[in-house]
Amino acid sequence: MSDPIDPLIVDLVEWVGKTPRRYDELIDAWRTSCPRLTVWEEACARGLVVRRSVAGAGTIIEITDEGRALLTSRH
């Protein structure tokens with residue numbers, strides 16, 4: 001990773017890695033009005049987090065194996 005938003009992506013992946021998050025919670029916490037700071041979208045595109053529908057809970061965001069590997073490699 002060498003993009004200027006990489007540290008923000010790592011922060012998002014660490015945050016989701018602590019516990020799966022509801023989609024609305026994630027969007028509220030990581031919303032941005034800057035089209036160049038697409039942290040959430042970039043984390044999804046890189047396969048670091050994934051959306052999953054859970055009956056009774058709605059859409060949940062979870063860290064992927066790739067996301068865990070990223071965090072492991074940075075510590």
# chains A, B, ... in the order shown; residues from 1 in each chain; ligands from 1
>>> residues_around(residues="Leu12 (chain A)", least_positions_apart="6", cutoff="8 Å", atoms="only C-alpha atoms", output="list in words")
Trp30, Val39, Trp40 and Ala43 of chain A
>>> select_by_dssp(residues="chain A", states="helix (DSSP H, G or I)", output="VMD selection string")
chain A and resid 6 to 18 23 to 30 39 to 45 65 to 74
>>> write_last_selection(atoms="C-alpha atoms", output="short mmCIF file (atom, residue, chain, number, x, y, z; two decimals), in the first residue's frame")
data_model
loop_
_atom_site.label_atom_id
_atom_site.label_comp_id
_atom_site.auth_asym_id
_atom_site.auth_seq_id
_atom_site.Cartn_x
_atom_site.Cartn_y
_atom_site.Cartn_z
CA ASP A 6 -3.75 3.93 2.97
CA PRO A 7 -3.43 4.91 6.66
CA LEU A 8 -7.16 5.69 6.75
CA ILE A 9 -7.95 2.34 5.14
CA VAL A 10 -5.86 0.58 7.78
CA ASP A 11 -7.75 2.52 10.49
CA LEU A 12 -11.09 1.42 9.03
CA VAL A 13 -9.98 -2.22 8.77
CA GLU A 14 -8.72 -2.16 12.38
CA TRP A 15 -12.03 -0.64 13.54
CA VAL A 16 -14.10 -3.27 11.72
CA GLY A 17 -11.67 -5.98 12.87
CA LYS A 18 -12.48 -5.29 16.53
CA TYR A 23 -23.55 -0.82 7.65
CA ASP A 24 -25.32 2.31 8.92
CA GLU A 25 -22.85 2.58 11.82
CA LEU A 26 -19.91 2.31 9.41
CA ILE A 27 -21.29 4.90 7.00
CA ASP A 28 -22.01 7.34 9.86
CA ALA A 29 -18.46 6.94 11.19
CA TRP A 30 -16.65 6.94 7.84
CA VAL A 39 -11.92 5.01 2.30
CA TRP A 40 -14.93 2.72 2.64
CA GLU A 41 -15.19 2.06 -1.10
CA GLU A 42 -11.47 1.43 -1.45
CA ALA A 43 -11.41 -0.99 1.50
CA CYS A 44 -14.21 -2.96 -0.20
CA ALA A 45 -12.52 -2.84 -3.61
CA ASP A 65 -8.92 -12.81 5.57
CA GLU A 66 -7.13 -10.27 3.36
CA GLY A 67 -7.94 -7.55 5.88
CA ARG A 68 -6.55 -9.67 8.74
CA ALA A 69 -3.41 -10.36 6.71
CA LEU A 70 -2.96 -6.62 6.13
CA LEU A 71 -3.21 -5.91 9.85
CA THR A 72 -0.83 -8.75 10.73
CA SER A 73 1.74 -7.50 8.22
CA ARG A 74 1.65 -3.99 9.70
#
>>> residues_around(residues="region 59-63 of chain A", least_positions_apart="3", cutoff="6 Å", atoms="only C-alpha atoms", output="NGL selection string")
:A and (17 or 20-23 or 49-53 or 67)
>>> select_by_dssp(residues="chain A", states="strand (DSSP E or B)", output="PyMOL selection string")
chain A and resi 21-22+49-54+58-63
>>> closest_residue(among="A:Thr38, A:Gly47, A:Thr19, A:Thr64", to="Asp3 (chain A)", atoms="only C-alpha atoms")
A:Thr38
>>> decode(residues="chain A", atoms="C-alpha atoms", output="CSV table (one decimal), in the first residue's frame")
chain,number,residue,atom,x,y,z
A,1,MET,CA,0.0,0.0,0.0
A,2,SER,CA,1.4,3.4,-0.9
A,3,ASP,CA,-1.7,5.5,-1.7
A,4,PRO,CA,-2.2,8.6,0.5
A,5,ILE,CA,-5.4,7.2,1.9
A,6,ASP,CA,-3.8,3.9,3.0
A,7,PRO,CA,-3.4,4.9,6.7
A,8,LEU,CA,-7.2,5.7,6.8
A,9,ILE,CA,-8.0,2.3,5.1
A,10,VAL,CA,-5.9,0.6,7.8
A,11,ASP,CA,-7.7,2.5,10.5
A,12,LEU,CA,-11.1,1.4,9.0
A,13,VAL,CA,-10.0,-2.2,8.8
A,14,GLU,CA,-8.7,-2.2,12.4
A,15,TRP,CA,-12.0,-0.6,13.5
A,16,VAL,CA,-14.1,-3.3,11.7
A,17,GLY,CA,-11.7,-6.0,12.9
A,18,LYS,CA,-12.5,-5.3,16.5
A,19,THR,CA,-16.1,-6.3,16.0
A,20,PRO,CA,-18.4,-6.6,12.9
A,21,ARG,CA,-20.2,-3.3,12.4
A,22,ARG,CA,-23.7,-2.5,11.1
A,23,TYR,CA,-23.6,-0.8,7.7
A,24,ASP,CA,-25.3,2.3,8.9
A,25,GLU,CA,-22.9,2.6,11.8
A,26,LEU,CA,-19.9,2.3,9.4
A,27,ILE,CA,-21.3,4.9,7.0
A,28,ASP,CA,-22.0,7.3,9.9
A,29,ALA,CA,-18.5,6.9,11.2
A,30,TRP,CA,-16.6,6.9,7.8
A,31,ARG,CA,-18.7,9.3,5.7
A,32,THR,CA,-16.9,11.9,3.8
A,33,SER,CA,-17.9,14.6,1.4
A,34,CYS,CA,-14.6,14.5,-0.4
A,35,PRO,CA,-14.8,12.3,-3.5
A,36,ARG,CA,-11.0,11.7,-3.4
A,37,LEU,CA,-11.2,10.1,0.1
A,38,THR,CA,-13.2,7.0,-0.7
A,39,VAL,CA,-11.9,5.0,2.3
A,40,TRP,CA,-14.9,2.7,2.6
A,41,GLU,CA,-15.2,2.1,-1.1
A,42,GLU,CA,-11.5,1.4,-1.4
A,43,ALA,CA,-11.4,-1.0,1.5
A,44,CYS,CA,-14.2,-3.0,-0.2
A,45,ALA,CA,-12.5,-2.8,-3.6
A,46,ARG,CA,-9.3,-4.2,-2.1
A,47,GLY,CA,-11.2,-7.0,-0.5
A,48,LEU,CA,-10.3,-6.0,3.0
A,49,VAL,CA,-13.9,-5.8,4.3
A,50,VAL,CA,-17.1,-7.3,3.1
A,51,ARG,CA,-20.9,-6.7,3.4
A,52,ARG,CA,-23.1,-9.5,4.6
A,53,SER,CA,-26.8,-9.6,5.1
A,54,VAL,CA,-27.8,-11.1,8.5
A,55,ALA,CA,-31.4,-11.9,9.3
A,56,GLY,CA,-32.7,-9.6,12.0
A,57,ALA,CA,-29.5,-7.5,12.0
A,58,GLY,CA,-29.5,-6.0,8.5
A,59,THR,CA,-26.3,-5.5,6.6
A,60,ILE,CA,-23.1,-6.2,8.6
A,61,ILE,CA,-19.6,-5.3,7.6
A,62,GLU,CA,-16.8,-7.7,8.5
A,63,ILE,CA,-13.1,-7.9,8.0
A,64,THR,CA,-11.9,-10.5,5.5
A,65,ASP,CA,-8.9,-12.8,5.6
A,66,GLU,CA,-7.1,-10.3,3.4
A,67,GLY,CA,-7.9,-7.6,5.9
A,68,ARG,CA,-6.6,-9.7,8.7
A,69,ALA,CA,-3.4,-10.4,6.7
A,70,LEU,CA,-3.0,-6.6,6.1
A,71,LEU,CA,-3.2,-5.9,9.9
A,72,THR,CA,-0.8,-8.8,10.7
A,73,SER,CA,1.7,-7.5,8.2
A,74,ARG,CA,1.7,-4.0,9.7
A,75,HIS,CA,2.3,-5.0,13.3
